[in-house]
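Beneath this line is the structure, given in structure tokens, with notes to follow.
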Amino acid sequence: MTSYIDQFPEEARLVKAAMVSAFLALAVGATFGLLQVLHRTGMVRVLSSADYYTALTAHGVLLALTFTIFFLVALFTWGITTSLDRNLPSMRFAWGWYGTMVVGALMAVVAIFAGFLTEPPTLLGEELSASVLFTFYAPLQAHPLFYLGLAIFVIGTWIAGYDWFRTYWAWKRDNPDERTPLPAFMALTTMLFWWLSSAGVAIAIVVFLLPWSLGIVDSVNPLLTRTLFWFFGHAVVYFWLMPAYMLWYILLPKLSGGKLFSDPLARVVFVLFLLLSTPTGIHHQYMDPGIAEGFKFIVMVNTMFLLLPSLLTAFTVVASMEHGARQRGGTGKLRWLGKLPWRDPVFTGMALSGLLFAAAGFSGMINAGMNINYLVHNTFWIVGHFHLTVGTAVALTFMAGSYWFIPQVTGKPLWNRTAGLVQVLLWFLGMVFMSNAMHRAGLLGVPRRTAEPQYENFAFEGAIGSVGELDAQVVLGGTLLAISTIIFLVTIVMTMLGDRGEVPDNSYAGTLSGPEHSPAILDNLKLWTAIALVLIVLAYSLPLAAIVQRGGLFGPGIDGITRVLPPIDTIGGLVEWVVGR
Ligand code: HAS
Ligand code: CU
């Protein structure tokens, strides 16, 4: 048996370091999660309500950005090197991008945590704090260190992507006639849409928010920076999800005892995400005034198309699991489910996250409907939605995956399978309670992002259940999640402290229908990137022009751009605006 550390000892150290960074972020971020559910429901109040935004910022940045992204750069590094059977060109360079990410993350985290102090220290003449949540909407303003840290962190990921691409280019030179192996294809297509979309947040930070926090410019146009945030903010959710999908496609079938149903279909899925991840961001802004309804409608249509790759994934992955179960003697319409390896925490964790993601897909479809979004926007419903998506489909898959990866990168067998199994089951159960109750509370109108969700002289009323009952479920779920996180961290630490021994082979699933069945055009990354760019221009040029025309580049009237002209809601309006300038 050859494990990853035998094949790629140097890369294994880097993958391990990035995973450990992810787990550290998870440990701290999850603690805030528990404090928040206890606080919001009024059960136990450790924080002061005035610090709630600071805590929520730490929770969001540490979990949604730091935990996920450190883990996924580790995973993609593994995927590229394993599937191309090739070392990264230079380990010094690779440690360089990892180090860049660490420095960026630490800067942002220091700025956030300083916000808890009664007398925050000053730096660059400004008080250190960053209680702006993970979306950092203006006019909330953070210390420049926060914006700079985020920018550096994102740049670190860009360099990582370049590292994977040059590994791929070198492989391609040596193997000009071979099809790109599936895991590498998945990592590269994901990186392409990440570059396209994170350019939006980079512009928001470097051109607007950072100069504004440094006092170089007096104001910003909040709708513009918000729109640039969501230009990236929807694609980032697939940046988190694609690595989880990669594991579902290449590990789940193998663990189930079979093969991936279709390699071509998997490629189509990743190409669709490259095309549609970015021109959909405005579905987070259906309620924003200042963006014309027509633009929102176009984005809604794009979003509905974007359901397709996930529906294809549900089909392909479940079909592969069924194939595996039947290889193990499974029969009947549903009885084969019993033949799946339910005692393996790697399998069970991923299968359960898939199951909850199916529910998350439904709440996503509801969010995506322009009219019904009015009912759920800014309510606890949304929090329920994203704890099933990023909080389960992604986080639970990463945790279950760690039970396979940590042995791969250390050569040490998993410390305790039962602990792993209990952990993934507790996560599943905790999320079922917490997310379901959050969705229901949202329908009653309970708001998100507040320490004090209960308005005075007002009672939320639902057809069934009460706020008290929902709160109890949220606290129960949140507590199970906290216990699950502790068991996860203990299992990982004990595994890493253990002795080297027998670990599974570093390999992934074969395919029933392989790359030879998929049209070569699917591997034409230049073509798909070009089409993705065109779709982005179509979806964003008019809305951005209209936002700048109405609100000014740096705020109303400041740049002299704001002038009385017909609104840029039509092509004619745009032409008139450009010609008229
Ligand atoms: Fe979302 C808000 C729409 C997916 C994350 N989303 C959020 C926010 C986050 C987030 C963090 O249109 C809040 C941001 C904030 O702070 O304001 N979302 C969608 C849609 C999808 C979707 C249409 N979201 C995700 C994913 C996320 C994520 C993935 C993170 C990873 N979301 C929205 C909208 C909003 C929104 C609006 C704004 C709401 C507002 O008003 O603010 C789709 O991609 C979902 C497609 C999914 C499916 C499910 C397919 C099922 C599968 C399971 C297969 C089963 C298996 C297991 C493998 C169609 C693939 C089988 C097991 C056995 C045992 C057999
Ligand atoms: Cu979205």
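As shown in the structure tokens, the chain order sets the letters A, B, ...; within each chain, residues go from 1, and ligands are also counted from 1 in the order they appear.
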Counting only C-alpha atoms and all ligand atoms, what are the residues, protein, DNA or RNA alike, that approach ligand 1 to within 6 Å? I want them as number ranges by chain. A: 237-238, 240-241, 283-284, 303, 307, 310-311, 313-314, 317-318, 351, 354-355, 357-358, 361, 364-365, 367-368, 373, 377-378, 382, 386, 389-390
Neighbour list for Arg40 in chain A as a PyMOL selection string, cut-off 12 Å, only C-alpha atoms, skip fewer than 3 positions in-chain: chain A and resi 32-37+43-49+52-53+56+380+438+446-454+467-468+470-472+474-475+478
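Closest approach to Gly99 in chain A from the set A:Val394, A:Ala530, A:Ala18, A:Val132 is made by A:Ala18, with distances taken over only C-alpha atoms.
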List the neighbours of Ala160 in chain A out to 12 Å using only C-alpha atoms; skip same-chain residues closer than 3 positions along the sequence, and give me the result as JSON, numbers by chain. {"A": [14, 18, 69, 70, 72, 73, 74, 75, 76, 77, 80, 88, 89, 90, 91, 93, 94, 95, 96, 97, 98, 99, 100, 101, 153, 154, 155, 156, 157, 163, 164, 165, 166, 167, 187, 188, 191, 192, 194, 195]}
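Between ligand 2 and the candidates A:Ser219, A:Thr280, A:Thr511, A:Gln549, the tightest atom-to-atom separation, counting only C-alpha atoms and all ligand atoms, involves A:Thr280.
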If you count only C-alpha atoms, which residues fall within 9 Å of Leu274 in chain A, apart from same-chain ones fewer than 4 positions away, as a VMD selection string? chain A and resid 189 to 194 269 to 270 278 528 to 529 532
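Every residue of range 65-206 of chain A with a DSSP assignment of strand (DSSP E), taken from the backbone, is listed as Thr122, Leu123, Glu126 and Glu127 of chain A.
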For the selection you just gave me, I'd like the residues written to a file as an mmCIF file, in the first residue's frame, keeping all heavy atoms.
data_model
loop_
_atom_site.group_PDB
_atom_site.id
_atom_site.type_symbol
_atom_site.label_atom_id
_atom_site.label_comp_id
_atom_site.auth_asym_id
_atom_site.auth_seq_id
_atom_site.Cartn_x
_atom_site.Cartn_y
_atom_site.Cartn_z
ATOM 1 N N THR A 122 -4.228 51.382 18.927
ATOM 2 C CA THR A 122 -4.311 52.084 17.642
ATOM 3 C C THR A 122 -3.125 51.689 16.768
ATOM 4 O O THR A 122 -2.043 51.404 17.242
ATOM 5 C CB THR A 122 -4.312 53.622 17.813
ATOM 6 O OG1 THR A 122 -3.320 53.930 18.762
ATOM 7 C CG2 THR A 122 -5.632 54.170 18.222
ATOM 8 N N LEU A 123 -3.400 51.674 15.475
ATOM 9 C CA LEU A 123 -2.371 51.361 14.495
ATOM 10 C C LEU A 123 -2.663 52.250 13.299
ATOM 11 O O LEU A 123 -3.821 52.367 12.898
ATOM 12 C CB LEU A 123 -2.476 49.878 14.118
ATOM 13 C CG LEU A 123 -1.449 49.329 13.135
ATOM 14 C CD1 LEU A 123 -0.081 49.211 13.788
ATOM 15 C CD2 LEU A 123 -1.880 47.937 12.655
ATOM 16 N N GLU A 126 -5.502 54.677 13.646
ATOM 17 C CA GLU A 126 -6.899 54.226 13.703
ATOM 18 C C GLU A 126 -7.034 53.159 14.780
ATOM 19 O O GLU A 126 -6.130 52.329 14.945
ATOM 20 C CB GLU A 126 -7.305 53.571 12.379
ATOM 21 C CG GLU A 126 -7.266 54.453 11.177
ATOM 22 C CD GLU A 126 -8.561 55.198 10.976
ATOM 23 O OE1 GLU A 126 -9.557 54.851 11.646
ATOM 24 O OE2 GLU A 126 -8.564 56.140 10.169
ATOM 25 N N GLU A 127 -8.178 53.138 15.461
ATOM 26 C CA GLU A 127 -8.418 52.066 16.420
ATOM 27 C C GLU A 127 -8.557 50.737 15.693
ATOM 28 O O GLU A 127 -9.239 50.650 14.671
ATOM 29 C CB GLU A 127 -9.710 52.351 17.187
ATOM 30 C CG GLU A 127 -9.431 52.940 18.526
ATOM 31 C CD GLU A 127 -10.659 52.948 19.415
ATOM 32 O OE1 GLU A 127 -11.673 52.307 19.078
ATOM 33 O OE2 GLU A 127 -10.597 53.622 20.456
#
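With only C-alpha atoms and all ligand atoms as the atoms that count, the residue of A:Val548, A:Val534, A:Leu340, A:Ile282 with the shortest distance to ligand 2 is A:Ile282.
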Determine which residues of range 322-352 of chain A DSSP labels as alpha helix (DSSP H) from the backbone of this structure, then write them out as a VMD selection string. chain A and resid 322 to 327 345 to 352
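Comparing A:Phe428, A:Phe67, A:Phe229, A:Tyr168 by their smallest distance to ligand 2, the closest is A:Phe229 (using only C-alpha atoms and all ligand atoms).
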Nearby residues (only C-alpha atoms) at most 7 Å from Ala108 in chain A, same-chain spacing under 2 positions excluded, as an mmCIF file with all heavy atoms, in the first residue's frame:
data_model
loop_
_atom_site.group_PDB
_atom_site.id
_atom_site.type_symbol
_atom_site.label_atom_id
_atom_site.label_comp_id
_atom_site.auth_asym_id
_atom_site.auth_seq_id
_atom_site.Cartn_x
_atom_site.Cartn_y
_atom_site.Cartn_z
ATOM 1 N N GLY A 104 -1.937 36.791 5.595
ATOM 2 C CA GLY A 104 -3.180 37.522 5.326
ATOM 3 C C GLY A 104 -4.255 37.177 6.348
ATOM 4 O O GLY A 104 -4.910 38.058 6.922
ATOM 5 N N ALA A 105 -4.420 35.877 6.606
ATOM 6 C CA ALA A 105 -5.458 35.452 7.543
ATOM 7 C C ALA A 105 -5.171 36.017 8.933
ATOM 8 O O ALA A 105 -6.085 36.528 9.610
ATOM 9 C CB ALA A 105 -5.536 33.924 7.592
ATOM 10 N N LEU A 106 -3.917 35.962 9.360
ATOM 11 C CA LEU A 106 -3.592 36.454 10.706
ATOM 12 C C LEU A 106 -3.863 37.954 10.829
ATOM 13 O O LEU A 106 -4.387 38.421 11.847
ATOM 14 C CB LEU A 106 -2.122 36.164 11.040
ATOM 15 C CG LEU A 106 -1.808 34.708 11.398
ATOM 16 C CD1 LEU A 106 -0.318 34.508 11.636
ATOM 17 C CD2 LEU A 106 -2.608 34.255 12.633
ATOM 18 N N VAL A 110 -6.363 39.340 13.612
ATOM 19 C CA VAL A 110 -5.911 40.271 14.659
ATOM 20 C C VAL A 110 -6.828 41.498 14.691
ATOM 21 O O VAL A 110 -7.277 41.944 15.755
ATOM 22 C CB VAL A 110 -4.432 40.688 14.421
ATOM 23 C CG1 VAL A 110 -4.057 41.901 15.260
ATOM 24 C CG2 VAL A 110 -3.508 39.515 14.724
ATOM 25 N N ALA A 111 -7.136 42.017 13.504
ATOM 26 C CA ALA A 111 -8.006 43.207 13.449
ATOM 27 C C ALA A 111 -9.373 42.899 14.061
ATOM 28 O O ALA A 111 -9.934 43.710 14.803
ATOM 29 C CB ALA A 111 -8.152 43.684 12.005
ATOM 30 N N ILE A 112 -9.907 41.713 13.768
ATOM 31 C CA ILE A 112 -11.237 41.370 14.301
ATOM 32 C C ILE A 112 -11.177 41.233 15.829
ATOM 33 O O ILE A 112 -11.993 41.821 16.545
ATOM 34 C CB ILE A 112 -11.745 40.047 13.688
ATOM 35 C CG1 ILE A 112 -11.925 40.177 12.183
ATOM 36 C CG2 ILE A 112 -13.065 39.628 14.336
ATOM 37 C CD1 ILE A 112 -12.158 38.851 11.470
ATOM 38 N N LEU A 145 -6.022 47.124 8.343
ATOM 39 C CA LEU A 145 -5.348 45.831 8.498
ATOM 40 C C LEU A 145 -6.251 44.671 8.060
ATOM 41 O O LEU A 145 -5.791 43.674 7.504
ATOM 42 C CB LEU A 145 -4.946 45.646 9.967
ATOM 43 C CG LEU A 145 -3.992 44.507 10.281
ATOM 44 C CD1 LEU A 145 -2.602 44.793 9.728
ATOM 45 C CD2 LEU A 145 -3.897 44.265 11.796
ATOM 46 N N PHE A 146 -7.547 44.810 8.328
ATOM 47 C CA PHE A 146 -8.511 43.770 7.967
ATOM 48 C C PHE A 146 -8.608 43.632 6.443
ATOM 49 O O PHE A 146 -8.483 42.536 5.898
ATOM 50 C CB PHE A 146 -9.871 44.122 8.566
ATOM 51 C CG PHE A 146 -11.006 43.222 8.149
ATOM 52 C CD1 PHE A 146 -11.173 41.970 8.735
ATOM 53 C CD2 PHE A 146 -11.917 43.628 7.179
ATOM 54 C CE1 PHE A 146 -12.223 41.140 8.347
ATOM 55 C CE2 PHE A 146 -12.966 42.807 6.802
ATOM 56 C CZ PHE A 146 -13.124 41.565 7.382
ATOM 57 N N GLY A 149 -5.346 42.364 5.017
ATOM 58 C CA GLY A 149 -5.182 40.936 5.312
ATOM 59 C C GLY A 149 -6.008 40.086 4.355
ATOM 60 O O GLY A 149 -5.515 39.113 3.785
ATOM 61 N N LEU A 150 -7.272 40.495 4.144
ATOM 62 C CA LEU A 150 -8.113 39.715 3.232
ATOM 63 C C LEU A 150 -7.531 39.714 1.828
ATOM 64 O O LEU A 150 -7.495 38.683 1.146
ATOM 65 C CB LEU A 150 -9.529 40.290 3.189
ATOM 66 C CG LEU A 150 -10.421 40.040 4.399
ATOM 67 C CD1 LEU A 150 -11.821 40.547 4.108
ATOM 68 C CD2 LEU A 150 -10.489 38.559 4.770
#
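Candidate residues A:Ile483, A:Ala360, A:Leu375, A:Leu426 were compared for distance to Leu444 in chain A, and the nearest is A:Leu375, using only C-alpha atoms.
Taking CA of Phe347 in chain A and CA of Met494 in chain A as the two end points, the separation is 20.4 Å.
With only C-alpha atoms as the atoms that count, the minimum distance from Gly514 in chain A to the choices A:Leu421, A:Leu265, A:Leu251, A:Ala400 is reached by A:Leu265.
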